[in-house]
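K.L.:
Handing you this structure, nothing more for now.
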Amino acid sequence: MTTTKAPVKSPFTPEQEKILIAWTKHYPYTNLGLIEALRSVQDWHRKISPEAASFVADLFNLPFNHVWGVVTFFPTFTQWKTGDKRIGICHGLTCFLAGSGKMEKCLEKTLGVPAKTATPDGKFSWEAMECLGACEQGPALQVNDRLIGKATDETIATILKDSRAAKT
């Protein structure tokens, strides 16, 4: 007896689907494009839902559990909706000793939301992250995928002011 799986409804636009399909063909082995496809999903939706992961799994002909394992393993991917500006503060040992806890409190107070929550306007979210590989700049701060450097009250205020002024 064979069972057929119901097709997964696409949470993507036709243009986005074309991009995801292209990632299945970009490398000699289909699954090598999985990370890039998931990065695209994260950029488009600012999170990766189980429905999106299921659709990607079908495209890559991979089990859902494999794709969901990748999604939940890498901190690049979130299952909660991030703000347009995703602010990360390193809380590895060196950064913790350099004051990341104080900077986490500063972010929560300044943005008015707890970690892993987008601001009501959807512009910002923040989270504590594992080592960002910038121990010499601890506590290290990043915005989206860009390392900013040492987090201080002033750098956080400047980032927020500049981002709000740019209206992005």
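Labels used: A, B, ... for chains in the order of the structure tokens, numbers from 1 for residues in each chain, and numbers from 1 for ligands as shown.
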Per residue of stretch 57-139 of chain A within 6 Å of stretch 38-51 of chain A, record the nearest atom pair and its distance in Å to one decimal, counting only C-alpha atoms, with rows in chain order and ascending residue number, as a tab-separated table.

P.N.:
residue	atom	partner	partner_atom	distance
A:Thr78	CA	A:Lys47	CA	5.0
A:Gln79	CA	A:Ile48	CA	5.2
A:Trp80	CA	A:Lys47	CA	5.6
A:Lys81	CA	A:Lys47	CA	4.9
A:Thr82	CA	A:Arg46	CA	5.3

K.L.:
List every residue of stretch 41-155 of chain A that DSSP, applied to the backbone of this structure, places in strand (DSSP E or B), and write the result as a VMD selection string.

P.N.:
chain A and resid 85 to 90 124 to 129 140 to 143 146 to 150

K.L.:
Can those selected residues be exported to a file as an mmCIF file, in the first residue's frame so that it contains C-alpha atoms?

P.N.:
data_model
loop_
_atom_site.group_PDB
_atom_site.id
_atom_site.type_symbol
_atom_site.label_atom_id
_atom_site.label_comp_id
_atom_site.auth_asym_id
_atom_site.auth_seq_id
_atom_site.Cartn_x
_atom_site.Cartn_y
_atom_site.Cartn_z
ATOM 1 C CA LYS A 85 16.463 45.472 12.119
ATOM 2 C CA ARG A 86 17.432 42.356 14.056
ATOM 3 C CA ILE A 87 19.822 43.392 16.810
ATOM 4 C CA GLY A 88 21.984 40.750 18.422
ATOM 5 C CA ILE A 89 24.064 41.085 21.554
ATOM 6 C CA CYS A 90 26.635 38.385 22.208
ATOM 7 C CA PHE A 124 13.307 46.339 15.584
ATOM 8 C CA SER A 125 13.825 43.191 17.570
ATOM 9 C CA TRP A 126 16.700 42.113 19.721
ATOM 10 C CA GLU A 127 18.080 38.915 21.133
ATOM 11 C CA ALA A 128 21.004 37.493 23.034
ATOM 12 C CA MET A 129 23.175 35.430 20.687
ATOM 13 C CA ALA A 140 29.807 42.427 20.617
ATOM 14 C CA LEU A 141 26.767 43.855 18.846
ATOM 15 C CA GLN A 142 25.375 43.072 15.409
ATOM 16 C CA VAL A 143 22.513 44.426 13.334
ATOM 17 C CA ARG A 146 26.581 43.102 10.142
ATOM 18 C CA LEU A 147 28.961 43.213 13.095
ATOM 19 C CA ILE A 148 28.864 46.673 14.662
ATOM 20 C CA GLY A 149 31.485 46.170 17.366
ATOM 21 C CA LYS A 150 31.465 46.989 21.066
#

K.L.:
What's around A:Val113 at 12 Å? Count only C-alpha atoms, leave out sequence neighbours fewer than 4 positions away in its own chain, and write the answer as a PyMOL selection string.

P.N.:
chain A and resi 82-83+104-109+117-127

K.L.:
Near A:Ala37, counting only C-alpha atoms, which residues have an atom at most 8 Å away, once you skip same-chain residues fewer than 2 positions from it, shown as a list in words?

P.N.:
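Non-adjacent residues within range: Ile19, Leu20, Trp23, Gly33, Leu34, Ile35, Arg39, Ser40, Val41 and Val56 of chain A.
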
K.L.:
Just asking: which residues within stretch 3-155 of chain A are alpha helix (DSSP H) according to DSSP, as a PyMOL selection string?

P.N.:
chain A and resi 14-25+34-45+50-60+64-73+93-97+100-111+153-155

K.L.:
Could the residues in this selection be saved with C-alpha atoms as a short mmCIF file (atom, residue, chain, number, x, y, z; two decimals), in the first residue's frame?

P.N.:
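Dumped to again-v6.cif:
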data_model
loop_
_atom_site.label_atom_id
_atom_site.label_comp_id
_atom_site.auth_asym_id
_atom_site.auth_seq_id
_atom_site.Cartn_x
_atom_site.Cartn_y
_atom_site.Cartn_z
CA PRO A 14 5.51 32.78 -7.58
CA GLU A 15 8.68 34.91 -7.82
CA GLN A 16 9.90 33.63 -4.46
CA GLU A 17 9.16 30.05 -5.49
CA LYS A 18 11.34 30.54 -8.59
CA ILE A 19 14.21 31.69 -6.38
CA LEU A 20 13.80 28.68 -4.08
CA ILE A 21 13.68 26.30 -7.04
CA ALA A 22 16.85 27.92 -8.39
CA TRP A 23 18.61 27.05 -5.11
CA THR A 24 17.74 23.37 -5.69
CA LYS A 25 19.71 23.53 -8.97
CA LEU A 34 19.23 24.37 1.47
CA ILE A 35 20.94 26.94 3.71
CA GLU A 36 20.73 29.65 1.03
CA ALA A 37 17.08 28.84 0.38
CA LEU A 38 16.34 29.10 4.11
CA ARG A 39 18.24 32.42 4.27
CA SER A 40 15.93 33.68 1.53
CA VAL A 41 12.87 32.56 3.49
CA GLN A 42 14.19 34.28 6.64
CA ASP A 43 14.76 37.50 4.68
CA TRP A 44 11.30 37.45 3.10
CA HIS A 45 9.21 36.47 6.12
CA PRO A 50 6.78 25.10 9.95
CA GLU A 51 4.66 25.64 6.80
CA ALA A 52 7.54 27.36 5.01
CA ALA A 53 9.98 24.66 6.15
CA SER A 54 7.60 21.96 4.91
CA PHE A 55 7.35 23.61 1.50
CA VAL A 56 11.15 23.90 1.28
CA ALA A 57 11.51 20.26 2.36
CA ASP A 58 9.25 19.20 -0.50
CA LEU A 59 11.21 21.31 -3.00
CA PHE A 60 14.50 19.80 -1.88
CA PHE A 64 10.63 17.81 7.06
CA ASN A 65 12.58 16.81 10.19
CA HIS A 66 15.87 17.34 8.37
CA VAL A 67 14.92 20.85 7.26
CA TRP A 68 13.41 21.75 10.64
CA GLY A 69 16.59 20.48 12.30
CA VAL A 70 18.61 22.94 10.20
CA VAL A 71 16.17 25.76 11.00
CA THR A 72 16.35 25.14 14.75
CA PHE A 73 20.11 24.51 14.84
CA LEU A 93 31.56 34.17 28.24
CA THR A 94 33.93 36.96 27.18
CA CYS A 95 31.09 39.29 26.19
CA PHE A 96 29.17 38.41 29.34
CA LEU A 97 32.18 39.39 31.44
CA SER A 100 26.46 42.02 27.78
CA GLY A 101 23.87 41.66 30.56
CA LYS A 102 23.84 45.44 31.03
CA MET A 103 23.47 45.92 27.26
CA GLU A 104 20.56 43.46 27.17
CA LYS A 105 18.79 45.56 29.80
CA CYS A 106 19.59 48.69 27.77
CA LEU A 107 18.06 47.15 24.62
CA GLU A 108 14.95 46.03 26.48
CA LYS A 109 14.48 49.46 28.04
CA THR A 110 15.27 51.43 24.89
CA LEU A 111 13.12 49.33 22.54
CA ASP A 153 24.56 52.76 25.58
CA GLU A 154 25.74 55.30 23.01
CA THR A 155 26.21 52.85 20.12
#

K.L.:
Can you tell me how far atom CA of A:Cys135 sits from atom CA of A:Ile159, in Å to one decimal?

P.N.:
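Rounded to one decimal, the two atoms are 20.4 Å apart.
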
K.L.:
From the list A:His26, A:Lys116, A:Lys9, A:His91, which residue is nearest A:Gly133 when using only C-alpha atoms?

P.N.:
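Closest residue, counting only C-alpha atoms: A:His91.
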